[in-house]
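Let me begin by presenting the structure, written as structure tokens, before commenting on it.
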Amino acid sequence: LNATSANNALENFYVSLGAGTIGSFDTETLSALSMDRIVLQSNYPDHGFDEIFSTVKVISDAMFRPEQSIIARATKSSLELFGFRKS
């Protein structure tokens with residue numbers, strides 16, 4: 001899904017953010033997002049893989065969190081989304 005808003009009321013709802021969707025979120029909304037609900041997407045073929053890093057920079061600036069922590073948590077969420085859960 002190319003989410004344009006966060007829905008914290010839905011259980012297991014992940015917000016897929018990439019170069020094509022990050023503009024739908026203002027700084028206040030991004031700063032209030034749970035890092036456990038963020039997954040990253042490249043929006044290929046419209047955007048390249050490297051543009052994920054510009055998306056992470058926007059999230060990092062809004063949350064005042066290190067970029068690597070956002071990437072790590074988003075990777076964990078992506079793995080959980082596809083059924084790779086820690087036992």
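Letters A, B, ... mark the chains of the structure tokens in the order given; residue numbers begin at 1 per chain; ligand numbers begin at 1, in order shown.
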**Asked** Where does DSSP see alpha helix (DSSP H) in stretch 15-77 of chain A, if you list the residues as a count of residues only?
**Response** 30
A:Asp61 surroundings by only C-alpha atoms, 12 Å radius, close-in-sequence under 4 positions cut, as a JSON list (two decimals) with all heavy atoms, in the first residue's frame:
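Result file selection10.json:
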```
[["chain", "number", "residue", "atom", "x", "y", "z"],
["A", 26, "ASP", "N", 3.40, 15.16, 6.91],
["A", 26, "ASP", "CA", 4.07, 16.34, 7.43],
["A", 26, "ASP", "C", 4.99, 15.93, 8.59],
["A", 26, "ASP", "O", 4.95, 14.79, 9.05],
["A", 26, "ASP", "CB", 3.07, 17.42, 7.86],
["A", 26, "ASP", "CG", 2.12, 16.98, 8.96],
["A", 26, "ASP", "OD1", 2.41, 16.01, 9.69],
["A", 26, "ASP", "OD2", 1.07, 17.62, 9.11],
["A", 27, "THR", "N", 5.81, 16.84, 9.03],
["A", 27, "THR", "CA", 6.80, 16.56, 10.07],
["A", 27, "THR", "C", 6.13, 16.07, 11.36],
["A", 27, "THR", "O", 6.61, 15.13, 11.99],
["A", 27, "THR", "CB", 7.66, 17.81, 10.35],
["A", 27, "THR", "OG1", 8.29, 18.20, 9.14],
["A", 27, "THR", "CG2", 8.71, 17.54, 11.41],
["A", 28, "GLU", "N", 5.04, 16.67, 11.73],
["A", 28, "GLU", "CA", 4.34, 16.30, 12.96],
["A", 28, "GLU", "C", 3.84, 14.85, 12.90],
["A", 28, "GLU", "O", 3.97, 14.10, 13.85],
["A", 28, "GLU", "CB", 3.18, 17.26, 13.21],
["A", 28, "GLU", "CG", 2.45, 17.01, 14.52],
["A", 28, "GLU", "CD", 1.33, 18.01, 14.74],
["A", 28, "GLU", "OE1", 1.54, 19.21, 14.45],
["A", 28, "GLU", "OE2", 0.26, 17.59, 15.21],
["A", 30, "LEU", "N", 5.02, 12.42, 10.94],
["A", 30, "LEU", "CA", 6.18, 11.53, 10.95],
["A", 30, "LEU", "C", 6.77, 11.38, 12.34],
["A", 30, "LEU", "O", 7.15, 10.28, 12.74],
["A", 30, "LEU", "CB", 7.26, 12.05, 9.98],
["A", 30, "LEU", "CG", 6.97, 11.90, 8.51],
["A", 30, "LEU", "CD1", 8.04, 12.62, 7.69],
["A", 30, "LEU", "CD2", 6.89, 10.44, 8.11],
["A", 31, "SER", "N", 6.86, 12.47, 13.07],
["A", 31, "SER", "CA", 7.46, 12.40, 14.41],
["A", 31, "SER", "C", 6.60, 11.58, 15.36],
["A", 31, "SER", "O", 7.11, 11.02, 16.33],
["A", 31, "SER", "CB", 7.69, 13.80, 14.97],
["A", 31, "SER", "OG", 6.47, 14.45, 15.24],
["A", 54, "SER", "N", 17.22, 9.14, 1.02],
["A", 54, "SER", "CA", 16.66, 10.49, 1.18],
["A", 54, "SER", "C", 15.35, 10.43, 1.97],
["A", 54, "SER", "O", 15.06, 11.34, 2.75],
["A", 54, "SER", "CB", 16.46, 11.16, -0.18],
["A", 54, "SER", "OG", 15.57, 10.43, -1.00],
["A", 55, "THR", "N", 14.60, 9.35, 1.80],
["A", 55, "THR", "CA", 13.38, 9.15, 2.59],
["A", 55, "THR", "C", 13.73, 8.99, 4.07],
["A", 55, "THR", "O", 13.10, 9.59, 4.93],
["A", 55, "THR", "CB", 12.62, 7.91, 2.09],
["A", 55, "THR", "OG1", 12.26, 8.10, 0.73],
["A", 55, "THR", "CG2", 11.37, 7.65, 2.92],
["A", 56, "VAL", "N", 14.75, 8.19, 4.34],
["A", 56, "VAL", "CA", 15.19, 7.96, 5.72],
["A", 56, "VAL", "C", 15.67, 9.26, 6.35],
["A", 56, "VAL", "O", 15.40, 9.53, 7.53],
["A", 56, "VAL", "CB", 16.29, 6.88, 5.78],
["A", 56, "VAL", "CG1", 16.91, 6.80, 7.17],
["A", 56, "VAL", "CG2", 15.72, 5.53, 5.38],
["A", 57, "LYS", "N", 16.32, 10.11, 5.57],
["A", 57, "LYS", "CA", 16.78, 11.41, 6.09],
["A", 57, "LYS", "C", 15.60, 12.26, 6.53],
["A", 57, "LYS", "O", 15.64, 12.89, 7.59],
["A", 57, "LYS", "CB", 17.59, 12.12, 4.99],
["A", 57, "LYS", "CG", 18.02, 13.52, 5.34],
["A", 57, "LYS", "CD", 19.19, 13.53, 6.27],
["A", 57, "LYS", "CE", 19.72, 14.96, 6.44],
["A", 57, "LYS", "NZ", 19.73, 15.40, 7.80],
["A", 65, "ARG", "N", 15.98, 10.92, 15.29],
["A", 65, "ARG", "CA", 16.56, 9.59, 15.50],
["A", 65, "ARG", "C", 17.66, 9.38, 14.47],
["A", 65, "ARG", "O", 17.55, 9.87, 13.34],
["A", 65, "ARG", "CB", 15.51, 8.49, 15.31],
["A", 65, "ARG", "CG", 14.36, 8.51, 16.25],
["A", 65, "ARG", "CD", 14.74, 7.76, 17.48],
["A", 65, "ARG", "NE", 13.61, 7.65, 18.37],
["A", 65, "ARG", "CZ", 13.37, 6.61, 19.10],
["A", 65, "ARG", "NH1", 14.15, 5.57, 19.04],
["A", 65, "ARG", "NH2", 12.35, 6.60, 19.93],
["A", 66, "PRO", "N", 18.68, 8.58, 14.81],
["A", 66, "PRO", "CA", 19.72, 8.29, 13.83],
["A", 66, "PRO", "C", 19.15, 7.52, 12.63],
["A", 66, "PRO", "O", 18.27, 6.66, 12.79],
["A", 66, "PRO", "CB", 20.72, 7.42, 14.59],
["A", 66, "PRO", "CG", 20.40, 7.61, 16.03],
["A", 66, "PRO", "CD", 18.96, 7.98, 16.12],
["A", 67, "GLU", "N", 19.66, 7.83, 11.46],
["A", 67, "GLU", "CA", 19.18, 7.19, 10.24],
["A", 67, "GLU", "C", 19.34, 5.68, 10.30],
["A", 67, "GLU", "O", 18.46, 4.93, 9.87],
["A", 67, "GLU", "CB", 19.92, 7.77, 9.04],
["A", 67, "GLU", "CG", 19.56, 9.22, 8.78],
["A", 67, "GLU", "CD", 20.41, 9.88, 7.72],
["A", 67, "GLU", "OE1", 20.97, 9.17, 6.86],
["A", 67, "GLU", "OE2", 20.52, 11.12, 7.76],
["A", 70, "ILE", "N", 16.56, 3.91, 12.14],
["A", 70, "ILE", "CA", 15.32, 3.85, 11.36],
["A", 70, "ILE", "C", 15.41, 2.74, 10.32],
["A", 70, "ILE", "O", 14.48, 1.95, 10.15],
["A", 70, "ILE", "CB", 15.03, 5.22, 10.70],
["A", 70, "ILE", "CG1", 14.73, 6.25, 11.80],
["A", 70, "ILE", "CG2", 13.89, 5.12, 9.70],
["A", 70, "ILE", "CD1", 14.76, 7.67, 11.34]]
```
**Item:** Residue nearest A:Ser77 among A:Thr21, A:Leu33, A:Val15, A:Gly48 (counting only C-alpha atoms)
**Value:**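 Of the candidates, the smallest distance to A:Ser77 is held by A:Val15.
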**Prompt:** What are the DSSP strand (DSSP E) residues of chain A, as an NGL selection string?
**Reply:** :A and (15-17 or 38-40)
**Message:** Give me the residues near A:Met35 as JSON, numbers by chain, where near means some atom within 12 Å (using only C-alpha atoms) and where sequence neighbours in that chain fewer than 4 positions away do not count.
**Reply:** {"A": [6, 8, 13, 14, 15, 16, 17, 30, 31, 39, 40, 56, 59, 60, 62, 63, 64, 65, 66, 67, 69, 70, 71, 72, 73, 74, 75, 76, 77, 78]}
**Asked** Could you state the separation of atom CA of A:Ile52 and atom CA of A:Ala32 in Å, given to one decimal place?
**Response**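 Here the two named atoms are 20.0 Å from each other.
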**Request:** Could you check which of A:Arg85, A:Gln68, A:Glu80, A:Val58 is closest to A:Thr29, using only C-alpha atoms?
**Result:**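 Of A:Arg85, A:Gln68, A:Glu80, A:Val58, the one nearest A:Thr29 is A:Val58, counting only C-alpha atoms.
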**Message:** What's the separation between atom CA of A:Asn12 and atom CA of A:Leu81, in Å to one decimal place?
**Reply:** 8.5 Å
**Message:** My list of candidates is A:Glu11, A:Ala19, A:Ser5, A:Ser34. Which is closest to A:Glu51 when distances are computed with only C-alpha atoms?
**Reply:** A:Ala19
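Of the residues under consideration (A:Phe82, A:Gly18, A:Ser24, A:Ala9), A:Gly18 shows the shortest atom-to-atom contact distance to A:Ile38 when counting only C-alpha atoms.
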